[in-house]
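K.L.:
Dropping the structure in here first, questions after.
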Amino acid sequence: MHTVSIAAEKLFSVFHWLPVTNTLLTAWVVMFFILVWAFFAGRHPQLIPSGLQNFTEMVLEGLLKVMEGIVGGAKQAREFFAFVATIFLFVLFSNWFGLLPGVGSIGL
């Protein structure tokens with residue numbers, strides 16, 4: 001049985017030693033999207049949220065409730081929430097971004 005390894009396509013180099021591949025570029029775009037979302041959601045926090053702040057709080061509270069159910073308590077869930085939620089949201093948005101036409105075919 002032969003295994004096929006599909007390597008990421010090199011798009012360009014930065015500083016002549018850092019190859020920027022299509023996978024790395026996609027990760028940077030996803031990180032930029034998450035940072036912009038976090039910036040606009042937390043720019044003017046209000047006691048009674050509306051709009052993007054309301055949606056962001058809904059998503060984060062939902063993730064926290066899921067974690068509380070998995071780890072068995074609010075204290076343990078809050079201890080690792082930022083780390084787990086960051087990884088979860090990055091993977092989720094990366095997978096959704098991969099569904100867009102042309103994202104997987106960057107390069108030649």
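Labels for the structure tokens follow display order: chains A, B, ..., residues from 1 in each chain, ligands from 1.
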Taking the DSSP secondary structure from the backbone, can you list the residues of chain A that are helix (DSSP H, G or I), as a VMD selection string?
P.N.:
chain A and resid 22 to 41 52 to 71 74 to 98
K.L.:
Need to verify the contact set: segment 88-98 of chain A, 9 Å, only C-alpha atoms, exclusion of same-chain residues closer than 2 positions in sequence. Can you return it as a list in words?
P.N.:
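Returned residues: Thr26, Ala27, Val30, Met31, Phe33, Ile34, Phe83, Val84, Ala85, Thr86, Leu100, Pro101, Gly102, Val103 and Gly104 of chain A.
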K.L.:
Write the selection just made, keeping C-alpha atoms, as a PDB file, in the first residue's frame?
P.N.:
```pdb
ATOM      1  CA  THR A  26      -5.155  30.349   5.626  1.00  0.00           C
ATOM      2  CA  ALA A  27      -4.289  30.142   9.335  1.00  0.00           C
ATOM      3  CA  VAL A  30      -8.538  32.866  10.191  1.00  0.00           C
ATOM      4  CA  MET A  31      -6.572  34.390  13.097  1.00  0.00           C
ATOM      5  CA  PHE A  33     -10.862  37.174  11.341  1.00  0.00           C
ATOM      6  CA  ILE A  34     -11.058  35.998  14.978  1.00  0.00           C
ATOM      7  CA  PHE A  83      -7.326  27.802  26.199  1.00  0.00           C
ATOM      8  CA  VAL A  84      -9.949  25.272  25.100  1.00  0.00           C
ATOM      9  CA  ALA A  85     -12.313  27.876  23.624  1.00  0.00           C
ATOM     10  CA  THR A  86      -9.496  29.467  21.630  1.00  0.00           C
ATOM     11  CA  LEU A 100     -15.190  28.460   0.736  1.00  0.00           C
ATOM     12  CA  PRO A 101     -14.493  27.968  -2.971  1.00  0.00           C
ATOM     13  CA  GLY A 102     -10.862  28.435  -3.941  1.00  0.00           C
ATOM     14  CA  VAL A 103      -9.379  28.295  -0.430  1.00  0.00           C
ATOM     15  CA  GLY A 104      -7.813  24.869  -0.840  1.00  0.00           C
TER      16      GLY A 104
END
```
K.L.:
Quick one: which segment 17-106 of chain A residues come within 10 Å of segment 9-13 of chain A, and what is the nearest atom pair for each with the distance in Å to one decimal, counting only C-alpha atoms, rows ordered by chain and ascending number, as a Markdown table?
P.N.:
```
| residue | atom | partner | partner_atom | distance |
| --- | --- | --- | --- | --- |
| A:Trp17 | CA | A:Ser13 | CA | 6.6 |
| A:Leu18 | CA | A:Ser13 | CA | 5.4 |
| A:Pro19 | CA | A:Ser13 | CA | 4.3 |
| A:Val20 | CA | A:Phe12 | CA | 5.4 |
| A:Thr21 | CA | A:Lys10 | CA | 4.2 |
| A:Asn22 | CA | A:Glu9 | CA | 5.7 |
| A:Thr23 | CA | A:Glu9 | CA | 7.8 |
| A:Leu24 | CA | A:Lys10 | CA | 9.4 |
| A:Leu25 | CA | A:Leu11 | CA | 8.8 |
| A:Ser105 | CA | A:Glu9 | CA | 9.2 |
| A:Ile106 | CA | A:Glu9 | CA | 8.0 |
```
K.L.:
May I have the selected residues written with C-alpha atoms, as a compact mmCIF listing (two decimals), in the first residue's frame?
P.N.:
```txt
# COMPACT_ATOMS: atom_id res chain seq x y z
CA TRP A 17 14.07 31.59 5.46
CA LEU A 18 10.35 31.48 6.29
CA PRO A 19 8.33 29.77 3.56
CA VAL A 20 4.71 30.95 3.52
CA THR A 21 2.50 28.09 2.41
CA ASN A 22 -1.17 28.08 1.51
CA THR A 23 -1.93 26.43 4.86
CA LEU A 24 -0.04 29.08 6.83
CA LEU A 25 -1.73 31.86 4.88
CA SER A 105 -6.49 25.71 -4.29
CA ILE A 106 -4.35 28.73 -3.44
```
K.L.:
Taking the backbone alone, and naming residues the way the document does, which bits of segment 2-90 of chain A are strand (DSSP E) by DSSP, as a list in words?
P.N.:
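Answer for segment 2-90 of chain A restricted to strand (DSSP E) is Lys10, Leu11, Phe12, Ser13, Val14, Leu18, Pro19, Val20 and Thr21 of chain A.
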K.L.:
Could you please take those selected residues and save all heavy atoms as a short mmCIF file (atom, residue, chain, number, x, y, z; two decimals), in the first residue's frame?
P.N.:
```
data_model
loop_
_atom_site.label_atom_id
_atom_site.label_comp_id
_atom_site.auth_asym_id
_atom_site.auth_seq_id
_atom_site.Cartn_x
_atom_site.Cartn_y
_atom_site.Cartn_z
N LYS A 10 4.14 26.05 -1.38
CA LYS A 10 4.87 27.26 -1.01
C LYS A 10 4.43 28.40 -1.92
O LYS A 10 4.47 28.28 -3.14
CB LYS A 10 6.37 27.03 -1.12
CG LYS A 10 7.20 28.22 -0.75
CD LYS A 10 8.68 27.91 -0.88
CE LYS A 10 9.50 29.15 -0.64
NZ LYS A 10 10.93 28.90 -0.84
N LEU A 11 3.99 29.51 -1.31
CA LEU A 11 3.55 30.66 -2.09
C LEU A 11 4.67 31.68 -2.26
O LEU A 11 4.92 32.16 -3.35
CB LEU A 11 2.35 31.33 -1.40
CG LEU A 11 1.12 30.44 -1.22
CD1 LEU A 11 0.05 31.17 -0.45
CD2 LEU A 11 0.60 29.99 -2.57
N PHE A 12 5.36 32.00 -1.16
CA PHE A 12 6.48 32.94 -1.18
C PHE A 12 7.27 32.77 0.10
O PHE A 12 6.88 32.02 0.98
CB PHE A 12 6.03 34.39 -1.37
CG PHE A 12 5.05 34.87 -0.33
CD1 PHE A 12 5.50 35.48 0.83
CD2 PHE A 12 3.68 34.72 -0.51
CE1 PHE A 12 4.61 35.93 1.79
CE2 PHE A 12 2.78 35.17 0.44
CZ PHE A 12 3.25 35.77 1.59
N SER A 13 8.39 33.46 0.21
CA SER A 13 9.22 33.40 1.41
C SER A 13 9.31 34.77 2.05
O SER A 13 9.30 35.79 1.37
CB SER A 13 10.63 32.92 1.08
OG SER A 13 10.60 31.58 0.65
N VAL A 14 9.40 34.76 3.38
CA VAL A 14 9.59 35.98 4.13
C VAL A 14 10.98 35.89 4.77
O VAL A 14 11.31 34.89 5.40
CB VAL A 14 8.50 36.14 5.22
CG1 VAL A 14 8.74 37.37 6.06
CG2 VAL A 14 7.13 36.17 4.59
N LEU A 18 11.67 31.89 5.84
CA LEU A 18 10.35 31.48 6.29
C LEU A 18 9.44 31.27 5.08
O LEU A 18 8.94 32.23 4.50
CB LEU A 18 9.75 32.54 7.22
CG LEU A 18 8.33 32.27 7.71
CD1 LEU A 18 8.29 31.03 8.59
CD2 LEU A 18 7.79 33.46 8.47
N PRO A 19 9.24 30.01 4.69
CA PRO A 19 8.33 29.77 3.56
C PRO A 19 6.88 29.96 4.00
O PRO A 19 6.44 29.41 5.00
CB PRO A 19 8.62 28.32 3.18
CG PRO A 19 9.14 27.70 4.42
CD PRO A 19 9.85 28.78 5.18
N VAL A 20 6.13 30.75 3.26
CA VAL A 20 4.71 30.95 3.52
C VAL A 20 3.94 30.03 2.58
O VAL A 20 3.98 30.19 1.37
CB VAL A 20 4.31 32.42 3.30
CG1 VAL A 20 2.82 32.60 3.49
CG2 VAL A 20 5.08 33.32 4.25
N THR A 21 3.26 29.06 3.19
CA THR A 21 2.50 28.09 2.41
C THR A 21 1.03 28.48 2.39
O THR A 21 0.60 29.36 3.14
CB THR A 21 2.66 26.68 3.02
OG1 THR A 21 2.14 26.69 4.34
CG2 THR A 21 4.13 26.26 3.04
#
```
K.L.:
If you measure from atom CA of Leu52 of chain A to atom CA of Val36 of chain A, what distance in Å do you get, rounded to one decimal?
P.N.:
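Between atom CA of Leu52 of chain A and atom CA of Val36 of chain A the gap is 11.6 Å.
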K.L.:
May I have the residues within 9 Å of Trp37 of chain A as a list of chain:residue names, using only C-alpha atoms and disregarding those fewer than 5 positions away in the same chain?
P.N.:
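Returned residues: A:Phe32, A:Gly42, A:Leu52, A:Thr56.
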K.L.:
Atom CA of Met58 of chain A to atom CA of Phe81 of chain A: how many Å, to one decimal?
P.N.:
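Straight-line distance from atom CA of Met58 of chain A to atom CA of Phe81 of chain A works out to 14.6 Å.
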K.L.:
So how many Å separate atom CA of Glu68 of chain A and atom CA of Phe80 of chain A, to one decimal?
P.N.:
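Computing the Euclidean distance for atom CA of Glu68 of chain A and atom CA of Phe80 of chain A yields 10.5 Å.
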K.L.:
Env of Ala41 of chain A: 10 Å cut, atoms = only C-alpha atoms, seq-sep filter 5 positions within chain, self excluded. Answer as an NGL selection string.
P.N.:
:A and (35-36 or 49-57)
